>>> print(open('run32.txt').read())   # compact mmCIF, C-alpha atoms and all ligand atoms
# COMPACT_ATOMS: atom_id res chain seq x y z
CA MET O 174 -16.67 23.68 -12.08
CA THR O 175 -19.45 21.81 -10.26
CA GLN O 176 -19.09 18.95 -12.69
CA THR O 177 -15.32 18.84 -12.18
CA VAL O 178 -15.66 18.60 -8.41
CA ALA O 179 -18.42 16.02 -8.69
CA SER O 180 -16.38 13.81 -11.00
CA PHE O 181 -13.37 14.19 -8.73
CA VAL O 182 -15.41 13.03 -5.75
CA ARG O 183 -16.88 10.14 -7.73
CA GLY O 184 -13.40 9.08 -8.80
CA TRP O 185 -12.03 9.46 -5.31
CA PHE O 186 -14.52 7.11 -3.78
CA ARG O 187 -14.81 4.68 -6.64
CA GLU O 188 -14.84 1.00 -5.86
CA PRO O 189 -11.46 -0.73 -5.81
CA LEU O 190 -9.98 -2.20 -8.93
CA PRO O 191 -10.99 -5.75 -9.80
CA THR O 192 -8.88 -8.31 -8.04
CA PHE O 193 -6.26 -10.22 -9.96
CA GLU O 194 -7.42 -13.63 -11.11
CA LEU O 195 -4.77 -16.28 -11.61
CA ARG O 196 -4.43 -16.98 -15.31
CA SER O 197 -4.57 -20.44 -16.76
CA PRO O 198 -0.88 -20.37 -17.81
CA SER O 199 0.03 -20.02 -14.14
CA ALA O 200 -1.96 -23.12 -13.40
CA ARG O 201 -0.26 -24.79 -16.34
CA TRP O 202 3.21 -24.15 -15.02
CA GLY O 203 2.25 -24.64 -11.41
CA THR O 204 1.62 -22.17 -8.62
CA PRO O 205 4.76 -20.13 -8.09
CA ARG O 206 6.61 -21.17 -5.00
CA ALA O 207 6.74 -18.29 -2.58
CA ALA O 208 10.34 -17.40 -1.77
CA VAL O 209 9.25 -16.93 1.85
CA PRO O 210 6.36 -18.95 3.28
CA ALA O 211 3.40 -17.29 4.95
CA ARG O 212 3.42 -17.23 8.75
CA ALA O 213 0.47 -17.58 11.07
CA PHE O 214 -0.57 -14.86 13.50
CA ARG O 215 -3.24 -14.91 16.18
CA VAL O 216 -5.83 -12.17 15.90
CA VAL O 217 -6.09 -11.02 19.51
CA ASP O 218 -8.44 -8.09 19.05
CA VAL O 219 -10.80 -6.72 16.42
CA ILE O 220 -11.60 -3.02 16.77
CA ASP O 221 -14.50 -1.32 14.99
CA GLU O 222 -13.09 2.01 13.87
CA THR O 223 -16.11 3.05 11.75
CA PRO O 224 -19.08 1.11 10.37
CA THR O 225 -16.88 -0.15 7.49
CA VAL O 226 -13.34 -0.03 8.90
CA ARG O 227 -11.85 -2.52 11.33
CA THR O 228 -8.46 -2.97 12.93
CA PHE O 229 -7.08 -6.48 13.44
CA VAL O 230 -4.50 -6.69 16.22
CA LEU O 231 -1.96 -9.49 15.78
CA ALA O 232 0.08 -11.66 18.09
CA ALA O 233 2.13 -14.83 17.88
CA PRO O 234 0.02 -18.01 17.52
CA ASP O 235 0.38 -18.63 21.27
CA GLY O 236 -0.89 -15.10 21.99
CA GLY O 237 2.53 -13.72 22.90
CA ALA O 238 4.42 -10.89 21.26
CA PRO O 239 5.01 -11.76 17.60
CA ALA O 240 8.52 -11.63 16.15
CA LEU O 241 7.50 -9.23 13.42
CA ALA O 242 9.95 -6.56 12.32
CA TYR O 243 8.41 -3.80 10.23
CA ARG O 244 8.96 -0.15 9.50
CA PRO O 245 6.41 2.64 9.93
CA GLY O 246 4.10 2.82 6.90
CA GLN O 247 4.82 -0.69 5.61
CA HIS O 248 2.18 -3.32 4.91
CA LEU O 249 1.48 -7.01 5.37
CA THR O 250 0.35 -9.28 2.58
CA VAL O 251 -2.49 -11.30 4.07
CA VAL O 252 -3.01 -14.77 2.58
CA VAL O 253 -6.45 -16.35 2.93
CA ASP O 254 -8.12 -19.38 1.40
CA ILE O 255 -11.63 -18.57 0.20
CA ASP O 256 -13.76 -21.14 -1.60
CA GLY O 257 -10.73 -23.19 -2.60
CA ARG O 258 -8.75 -20.23 -3.92
CA THR O 259 -5.75 -18.62 -2.30
CA GLU O 260 -6.12 -14.84 -2.21
CA ARG O 261 -3.48 -12.28 -1.23
CA ARG O 262 -4.02 -8.64 -0.36
CA CYS O 263 -1.78 -5.93 1.04
CA TYR O 264 -2.97 -4.11 4.16
CA SER O 265 -0.99 -1.35 5.84
CA PHE O 266 0.01 -1.40 9.46
CA SER O 267 -1.88 1.16 11.51
CA SER O 268 0.41 0.50 14.47
CA SER O 269 3.85 1.89 15.12
CA PRO O 270 6.83 -0.41 15.64
CA LEU O 271 8.25 2.16 18.07
CA THR O 272 5.48 2.33 20.65
CA GLY O 273 5.55 -1.22 21.96
CA ALA O 274 1.96 -1.80 20.82
CA ARG O 275 1.10 -5.05 19.11
CA PRO O 276 1.19 -4.89 15.31
CA ALA O 277 -2.17 -4.15 13.74
CA ILE O 278 -3.59 -3.79 10.25
CA THR O 279 -6.66 -1.74 9.42
CA VAL O 280 -9.04 -2.83 6.67
CA ARG O 281 -12.01 -1.17 5.00
CA ARG O 282 -14.80 -3.53 3.98
CA THR O 283 -15.75 -2.98 0.35
CA PRO O 284 -18.87 -4.56 -1.18
CA ASP O 285 -16.92 -6.42 -3.87
CA GLY O 286 -13.72 -6.87 -1.90
CA VAL O 287 -13.35 -10.64 -1.63
CA VAL O 288 -10.70 -10.51 1.07
CA SER O 289 -11.94 -7.46 2.96
CA ARG O 290 -15.40 -9.05 3.22
CA HIS O 291 -13.82 -12.28 4.44
CA LEU O 292 -11.81 -10.45 7.10
CA HIS O 293 -14.78 -8.41 8.30
CA ASP O 294 -17.39 -11.15 8.15
CA ARG O 295 -15.41 -14.23 9.18
CA VAL O 296 -12.30 -13.34 11.16
CA ARG O 297 -12.78 -12.91 14.89
CA ALA O 298 -10.49 -12.47 17.88
CA GLY O 299 -8.81 -15.81 18.53
CA ASP O 300 -8.60 -16.83 14.88
CA LEU O 301 -5.35 -17.42 13.02
CA LEU O 302 -4.41 -15.29 10.02
CA LYS O 303 -1.59 -16.04 7.58
CA ALA O 304 0.63 -13.31 6.19
CA LEU O 305 3.83 -12.84 4.24
CA PRO O 306 6.65 -10.70 5.66
CA PRO O 307 6.14 -6.91 5.82
CA THR O 308 7.13 -4.99 2.70
CA GLY O 309 6.74 -1.53 1.25
CA GLU O 310 8.74 1.59 0.60
CA PHE O 311 6.15 4.08 1.84
CA THR O 312 8.16 4.51 4.97
CA LEU O 313 10.47 6.82 6.79
CA GLU O 314 13.08 5.82 9.34
CA PRO O 315 12.68 8.07 12.39
CA ASP O 316 15.94 9.82 13.26
CA SER O 317 16.14 11.05 16.85
CA SER O 318 18.41 13.93 15.83
CA ALA O 319 16.15 15.15 12.98
CA ARG O 320 14.40 18.52 13.09
CA ARG O 321 11.90 18.45 10.28
CA HIS O 322 8.32 19.12 9.30
CA VAL O 323 6.53 16.14 7.77
CA VAL O 324 3.09 16.54 6.19
CA LEU O 325 0.83 13.51 5.89
CA VAL O 326 -2.21 13.64 3.60
CA ALA O 327 -4.86 10.94 3.98
CA GLY O 328 -7.96 10.16 1.97
CA GLY O 329 -10.41 7.82 3.70
CA VAL O 330 -8.83 4.62 4.97
CA GLY O 331 -5.56 5.87 3.44
CA ILE O 332 -4.99 7.20 6.95
CA THR O 333 -3.81 3.70 7.93
CA PRO O 334 -0.08 3.86 7.06
CA LEU O 335 -0.05 7.55 7.99
CA MET O 336 -1.23 6.68 11.49
CA SER O 337 1.79 4.39 11.76
CA LEU O 338 4.09 7.13 10.44
CA ALA O 339 2.61 9.85 12.68
CA GLU O 340 2.96 7.81 15.86
CA SER O 341 6.47 6.74 14.93
CA LEU O 342 7.62 10.27 14.13
CA LEU O 343 6.16 11.70 17.33
CA VAL O 344 7.83 8.99 19.41
CA GLY O 345 11.09 8.68 17.49
CA GLU O 346 11.77 12.29 16.47
CA ARG O 347 11.18 14.59 19.40
CA GLY O 348 12.49 17.56 17.45
CA SER O 349 10.20 17.16 14.43
CA ARG O 350 6.70 18.42 13.67
CA VAL O 351 3.92 16.49 11.95
CA THR O 352 0.89 17.92 10.15
CA LEU O 353 -1.83 15.44 9.24
CA LEU O 354 -4.60 16.34 6.80
CA CYS O 355 -7.46 13.82 6.65
CA GLY O 356 -10.20 13.84 4.02
CA HIS O 357 -13.42 11.90 4.64
CA ARG O 358 -16.89 11.93 3.24
CA SER O 359 -18.66 12.49 6.55
CA ALA O 360 -17.96 12.75 10.27
CA ASP O 361 -18.94 9.14 10.97
CA GLU O 362 -16.27 7.94 8.53
CA ILE O 363 -13.39 9.56 10.40
CA VAL O 364 -10.94 6.81 11.31
CA PHE O 365 -8.78 6.88 14.49
CA HIS O 366 -10.48 10.04 15.77
CA GLU O 367 -9.82 9.30 19.44
CA ARG O 368 -6.32 7.98 18.87
CA LEU O 369 -5.35 11.09 16.93
CA ALA O 370 -6.88 13.35 19.56
CA ALA O 371 -4.79 11.59 22.21
CA LEU O 372 -1.66 12.05 20.10
CA GLN O 373 -2.45 15.76 19.80
CA ARG O 374 -2.90 16.09 23.54
CA GLY O 375 0.47 14.39 24.04
CA ALA O 376 2.35 16.61 21.60
CA PRO O 377 0.34 19.83 21.17
CA ASP O 378 3.30 21.80 19.81
CA ARG O 379 4.43 19.13 17.36
CA PHE O 380 1.29 17.57 15.96
CA VAL O 381 -1.55 19.23 14.06
CA VAL O 382 -4.54 17.34 12.64
CA GLN O 383 -7.04 18.91 10.27
CA TYR O 384 -10.09 17.14 8.88
CA SER O 385 -11.86 17.96 5.65
CA LEU O 386 -15.36 16.58 5.13
CA ASP O 387 -17.36 16.39 1.92
CA ALA O 388 -20.62 16.39 3.85
CA PRO O 389 -19.90 18.30 7.06
CA PRO O 390 -22.51 18.40 9.82
CA ALA O 391 -24.06 21.69 10.92
CA GLY O 392 -21.58 23.78 12.85
CA TRP O 393 -18.54 21.94 11.46
CA ALA O 394 -15.42 24.00 12.15
CA GLY O 395 -12.96 22.04 10.01
CA LEU O 396 -12.18 22.12 6.31
CA GLU O 397 -14.84 21.34 3.74
CA GLY O 398 -14.71 19.59 0.39
CA PRO O 399 -12.37 17.10 -1.29
CA LEU O 400 -8.78 17.13 -0.11
CA ASP O 401 -7.30 17.74 -3.55
CA GLY O 402 -4.02 19.40 -4.44
CA ALA O 403 -5.34 22.95 -4.14
CA ALA O 404 -6.94 22.23 -0.76
CA VAL O 405 -3.73 20.69 0.57
CA ARG O 406 -1.60 23.60 -0.58
CA ALA O 407 -4.06 26.06 0.96
CA ALA O 408 -4.13 24.16 4.26
CA VAL O 409 -0.34 24.02 4.59
CA GLY O 410 0.23 27.54 3.30
CA ASP O 411 3.81 28.74 3.16
CA GLN O 412 5.14 26.57 5.98
CA PRO O 413 8.39 24.87 5.04
CA VAL O 414 7.88 21.12 4.58
CA ASP O 415 10.65 18.55 4.40
CA GLU O 416 8.71 15.41 3.43
CA TRP O 417 5.20 14.74 2.11
CA PHE O 418 3.42 11.39 2.46
CA VAL O 419 0.13 10.93 0.60
CA CYS O 420 -2.17 7.91 0.77
CA GLY O 421 -5.72 7.63 -0.49
CA PRO O 422 -7.70 7.09 -3.66
CA GLU O 423 -5.70 7.43 -6.88
CA PRO O 424 -7.30 10.68 -8.15
CA MET O 425 -6.65 12.36 -4.82
CA MET O 426 -3.01 11.23 -4.75
CA ASP O 427 -2.49 12.32 -8.35
CA SER O 428 -4.03 15.72 -7.64
CA VAL O 429 -1.92 16.33 -4.53
CA ARG O 430 1.28 15.10 -6.12
CA GLU O 431 0.78 17.21 -9.23
CA ALA O 432 0.03 20.33 -7.17
CA LEU O 433 3.16 19.83 -5.07
CA LEU O 434 5.43 19.19 -8.05
CA THR O 435 3.97 22.22 -9.82
CA ALA O 436 4.76 24.27 -6.72
CA GLY O 437 8.40 23.19 -7.01
CA VAL O 438 8.52 20.44 -4.38
CA PRO O 439 11.23 17.96 -5.45
CA ASP O 440 9.80 14.64 -6.64
CA GLY O 441 11.86 12.70 -4.11
CA ARG O 442 10.10 14.43 -1.24
CA VAL O 443 6.60 13.46 -2.30
CA HIS O 444 5.84 9.88 -1.31
CA VAL O 445 2.63 8.22 -2.44
CA GLU O 446 1.33 4.77 -1.58
CA ARG O 447 -0.28 2.89 -4.43
CA PHE O 448 -2.02 -0.42 -4.00
CA SER O 449 -2.83 -1.61 -7.50
CA TYR O 450 -3.84 -5.11 -8.43
CA ALA O 451 -2.74 -5.97 -11.92
CA SER O 452 -5.00 -7.59 -14.46
CA THR O 453 -4.30 -9.51 -17.66
CA ALA O 454 -7.34 -7.94 -19.34
CA ALA O 455 -6.50 -6.19 -22.62
CA MET O 456 -2.87 -7.26 -22.69
CA ARG O 457 -0.93 -9.41 -25.08
CA ILE O 458 1.04 -12.20 -23.43
CA PRO O 459 4.15 -13.00 -25.52
CA GLU O 460 3.78 -16.41 -27.12
CA ARG O 461 7.41 -17.36 -27.57
CA GLU O 462 9.97 -18.84 -25.21
CA ALA O 463 12.62 -16.46 -23.91
CA THR O 464 15.86 -16.67 -21.98
CA LEU O 465 16.31 -14.76 -18.73
CA ARG O 466 19.91 -13.97 -17.81
CA PHE O 467 20.55 -13.10 -14.18
CA ALA O 468 23.65 -10.91 -14.16
CA GLY O 469 24.52 -11.58 -10.51
CA SER O 470 24.91 -15.34 -10.85
CA GLY O 471 25.29 -15.55 -14.61
CA ARG O 472 22.47 -18.10 -14.70
CA HIS O 473 20.32 -18.54 -17.77
CA VAL O 474 16.69 -19.55 -17.25
CA VAL O 475 14.06 -20.37 -19.85
CA ALA O 476 10.73 -18.53 -19.49
CA ARG O 477 7.97 -20.44 -21.24
CA PRO O 478 5.06 -18.63 -22.88
CA GLY O 479 2.65 -17.54 -20.15
CA GLN O 480 5.21 -17.74 -17.35
CA THR O 481 6.00 -14.56 -15.49
CA LEU O 482 9.63 -13.75 -14.76
CA LEU O 483 8.92 -14.69 -11.15
CA GLU O 484 7.41 -18.05 -12.05
CA ALA O 485 10.26 -18.87 -14.41
CA GLY O 486 12.94 -17.81 -11.93
CA LEU O 487 11.45 -19.66 -8.97
CA ALA O 488 10.86 -22.79 -11.04
CA ALA O 489 14.58 -22.78 -11.88
CA GLY O 490 15.58 -22.24 -8.27
CA VAL O 491 16.51 -18.55 -8.46
CA ALA O 492 15.65 -17.02 -5.07
CA LEU O 493 13.62 -14.08 -6.33
CA PRO O 494 11.78 -12.06 -3.68
CA SER O 495 8.01 -11.66 -3.84
CA SER O 496 5.02 -11.03 -1.65
CA CYS O 497 1.57 -10.19 -3.04
CA THR O 498 2.24 -11.62 -6.55
CA MET O 499 -0.39 -9.20 -7.87
CA GLY O 500 1.61 -6.11 -8.76
CA GLY O 501 0.56 -4.33 -5.61
CA CYS O 502 3.47 -4.28 -3.20
CA GLY O 503 6.72 -3.84 -5.12
CA ALA O 504 8.50 -6.64 -3.26
CA CYS O 505 9.44 -8.39 -6.51
CA LYS O 506 10.95 -5.35 -8.22
CA VAL O 507 14.10 -6.00 -10.27
CA ARG O 508 16.03 -3.89 -12.77
CA THR O 509 16.35 -5.07 -16.32
CA LEU O 510 19.61 -4.48 -18.16
CA GLU O 511 18.51 -5.57 -21.63
CA GLY O 512 15.39 -6.77 -23.37
CA ARG O 513 11.69 -6.02 -23.22
CA VAL O 514 8.89 -7.22 -20.99
CA VAL O 515 5.15 -6.66 -21.01
CA MET O 516 3.50 -6.17 -17.64
CA ARG O 517 0.03 -6.56 -16.29
CA GLU O 518 -1.44 -3.19 -15.43
CA PRO O 519 -2.15 -1.30 -13.31
CA ASN O 520 0.63 -1.99 -10.87
CA CYS O 521 2.56 -0.08 -8.26
CA LEU O 522 5.64 0.87 -10.32
CA THR O 523 6.22 4.60 -10.61
CA ASP O 524 7.07 6.34 -13.86
CA ALA O 525 10.58 7.00 -12.57
CA GLU O 526 11.09 3.31 -11.78
CA ARG O 527 9.85 2.30 -15.22
CA ALA O 528 12.17 4.83 -16.84
CA ALA O 529 15.08 3.36 -14.86
CA GLY O 530 14.33 -0.13 -16.19
CA TYR O 531 12.59 -1.61 -13.16
CA VAL O 532 9.93 -4.27 -13.64
CA LEU O 533 7.77 -6.34 -11.32
CA THR O 534 8.66 -9.98 -11.87
CA CYS O 535 5.27 -11.16 -10.60
CA CYS O 536 3.41 -9.52 -13.45
CA ALA O 537 6.06 -9.25 -16.19
CA TYR O 538 6.38 -11.54 -19.21
CA ALA O 539 9.56 -11.60 -21.29
CA ASP O 540 9.05 -10.34 -24.83
CA GLY O 541 12.31 -11.81 -26.12
CA ASP O 542 15.47 -12.46 -24.12
CA VAL O 543 15.91 -10.35 -20.99
CA ALA O 544 18.91 -9.60 -18.76
CA ILE O 545 18.21 -8.84 -15.10
CA ALA O 546 20.56 -7.10 -12.67
CA GLY O 547 21.61 -9.06 -9.59
CA HIS O 548 20.40 -12.50 -8.50
S1 LIG P 601 5.12 -9.51 -5.41
FE1 LIG P 601 3.98 -7.71 -4.94
S2 LIG P 601 4.30 -6.52 -6.73
FE2 LIG P 601 5.19 -8.39 -7.24
>>> encode(input="run32.txt", output="structure tokens")
Amino acid sequence: MTQTVASFVRGWFREPLPTFELRSPSARWGTPRAAVPARAFRVVDVIDETPTVRTFVLAAPDGGAPALAYRPGQHLTVVVDIDGRTERRCYSFSSSPLTGARPAITVRRTPDGVVSRHLHDRVRAGDLLKALPPTGEFTLEPDSSARRHVVLVAGGVGITPLMSLAESLLVGERGSRVTLLCGHRSADEIVFHERLAALQRGAPDRFVVQYSLDAPPAGWAGLEGPLDGAAVRAAVGDQPVDEWFVCGPEPMMDSVREALLTAGVPDGRVHVERFSYASTAAMRIPEREATLRFAGSGRHVVARPGQTLLEAGLAAGVALPSSCTMGGCGACKVRTLEGRVVMREPNCLTDAERAAGYVLTCCAYADGDVAIAGH
């Protein structure tokens, strides 16, 4: 038992997956043209949330309100040039689009995180930051007539999109209740402590926050231990819940999701946010040319060996959507009608999406001719 818990905790707080390195075939066929160019934002404030977590508040380049439409829980793909390489990473909004506050992303600095180190160590208030348009399906549209109970489960900096969702629900759904469960290693790693306390004071009957610490200080009155599936079920008890949103390290999300599904919660009510950066390690890239048929336009496009579906489509002028180009955001998702692809793994596609024929064009290679819905 002790070993199981220890390995769970180790897995929970493991370092992030290696970042995606552009393969030589991409260089061979040219850098894919982004369907939508990156825009510049002015960083107008940098807030230290914890020793390793910072919030970057964004404005228009002139310092005014940015024209940036996003939904609660979505993320921005930040684009930075580091040592001659262009790097992209997805970071969730910690702000709510419904409160009138400036948009903000919150980033944890990780020792081997190329972009998170750059943001923490180099980017200061007044600097410009480039980003692609907001994307992401880990979201919920507040409905002012709704009367529901939404449970948010956060592990570490996974609180970020849940902060956006919590604020948005409390502002946009006056008849709904929100329960937020936050798991952290220690008290000094709690993110948004003051902001959450203020939200609680503003909506004491509709908003409950519970913290669970792995290393609680003496006299700690909250929950203790990893916020796994059993802990979440115990914390919520038999309260009816309409929607669950879970964001944190993969083992924690898997544990919570599995516990909820086992308890009979419908799959469609359990939302998890996965940021995975795909790698070409240990995969076979098809070595033959293939034809991509886009069912919407009837166009036929040749994908050369080593070209992703996205690269081939964009090179031929097909306006395919994309954002991170690393398998992490889902913006490039399309449904295949026929044919096989191989994809870089891990990526953010769910099992249900795979079963329904969806692929991520940014990390999929045609293994023979492929037909794609739409476009
Ligand atoms: S563009 Fe982000 S997953 Fe493909």
>>> closest_atom_pairs(input="run32.txt", of="chain O", to="ligand LIG 601 (chain P)", cutoff="10 Å", atoms="all atoms listed in the file", output="Markdown table")
| residue | atom | partner | partner_atom | distance |
| --- | --- | --- | --- | --- |
| O:Ala207 | CA | P:LIG601 | S1 | 9.4 |
| O:Thr250 | CA | P:LIG601 | FE1 | 8.5 |
| O:Arg261 | CA | P:LIG601 | FE1 | 9.5 |
| O:Arg262 | CA | P:LIG601 | FE1 | 9.3 |
| O:Cys263 | CA | P:LIG601 | FE1 | 8.5 |
| O:Thr308 | CA | P:LIG601 | FE1 | 8.7 |
| O:Gly309 | CA | P:LIG601 | FE1 | 9.2 |
| O:Phe448 | CA | P:LIG601 | S2 | 9.2 |
| O:Ser449 | CA | P:LIG601 | S2 | 8.7 |
| O:Tyr450 | CA | P:LIG601 | S2 | 8.4 |
| O:Ala451 | CA | P:LIG601 | S2 | 8.8 |
| O:Leu483 | CA | P:LIG601 | FE2 | 8.3 |
| O:Leu493 | CA | P:LIG601 | S1 | 9.7 |
| O:Pro494 | CA | P:LIG601 | S1 | 7.3 |
| O:Ser495 | CA | P:LIG601 | S1 | 3.9 |
| O:Ser496 | CA | P:LIG601 | S1 | 4.1 |
| O:Cys497 | CA | P:LIG601 | FE1 | 3.9 |
| O:Thr498 | CA | P:LIG601 | S1 | 3.7 |
| O:Met499 | CA | P:LIG601 | FE1 | 5.5 |
| O:Gly500 | CA | P:LIG601 | S2 | 3.4 |
| O:Gly501 | CA | P:LIG601 | S2 | 4.5 |
| O:Cys502 | CA | P:LIG601 | FE1 | 3.9 |
| O:Gly503 | CA | P:LIG601 | S2 | 4.0 |
| O:Ala504 | CA | P:LIG601 | S1 | 4.9 |
| O:Cys505 | CA | P:LIG601 | FE2 | 4.3 |
| O:Lys506 | CA | P:LIG601 | FE2 | 6.6 |
| O:Val507 | CA | P:LIG601 | FE2 | 9.7 |
| O:Asn520 | CA | P:LIG601 | S2 | 7.2 |
| O:Cys521 | CA | P:LIG601 | S2 | 6.8 |
| O:Leu522 | CA | P:LIG601 | S2 | 8.3 |
| O:Val532 | CA | P:LIG601 | FE2 | 9.0 |
| O:Leu533 | CA | P:LIG601 | FE2 | 5.2 |
| O:Thr534 | CA | P:LIG601 | FE2 | 6.0 |
| O:Cys535 | CA | P:LIG601 | FE2 | 4.4 |
| O:Cys536 | CA | P:LIG601 | FE2 | 6.6 |
| O:Ala537 | CA | P:LIG601 | FE2 | 9.0 |
>>> closest_residue(input="run32.txt", among="O:Pro334, O:Pro413, O:Gly421, O:Gly541", to="Arg466 in chain O", atoms="all atoms listed in the file")
O:Gly541
>>> closest_residue(input="run32.txt", among="O:Leu487, O:Val543, O:Ala240, O:Val216", to="Ile278 in chain O", atoms="all atoms listed in the file")
O:Val216
>>> residues_around(input="run32.txt", residues="Tyr264 in chain O", least_positions_apart="4", cutoff="8 Å", atoms="all atoms listed in the file", output="PyMOL selection string")
chain O and resi 248-251+278-280
>>> residues_around(input="run32.txt", residues="Ala238 in chain O", least_positions_apart="3", cutoff="10 Å", atoms="only C-alpha atoms", output="mmCIF file with C-alpha atoms, in the coordinates of the input")
data_model
loop_
_atom_site.group_PDB
_atom_site.id
_atom_site.type_symbol
_atom_site.label_atom_id
_atom_site.label_comp_id
_atom_site.auth_asym_id
_atom_site.auth_seq_id
_atom_site.Cartn_x
_atom_site.Cartn_y
_atom_site.Cartn_z
ATOM 1 C CA LEU O 231 -1.960 -9.490 15.780
ATOM 2 C CA ALA O 232 0.080 -11.660 18.090
ATOM 3 C CA ALA O 233 2.130 -14.830 17.880
ATOM 4 C CA PRO O 234 0.020 -18.010 17.520
ATOM 5 C CA ASP O 235 0.380 -18.630 21.270
ATOM 6 C CA LEU O 241 7.500 -9.230 13.420
ATOM 7 C CA GLY O 273 5.550 -1.220 21.960
ATOM 8 C CA ALA O 274 1.960 -1.800 20.820
ATOM 9 C CA ARG O 275 1.100 -5.050 19.110
ATOM 10 C CA PRO O 276 1.190 -4.890 15.310
#
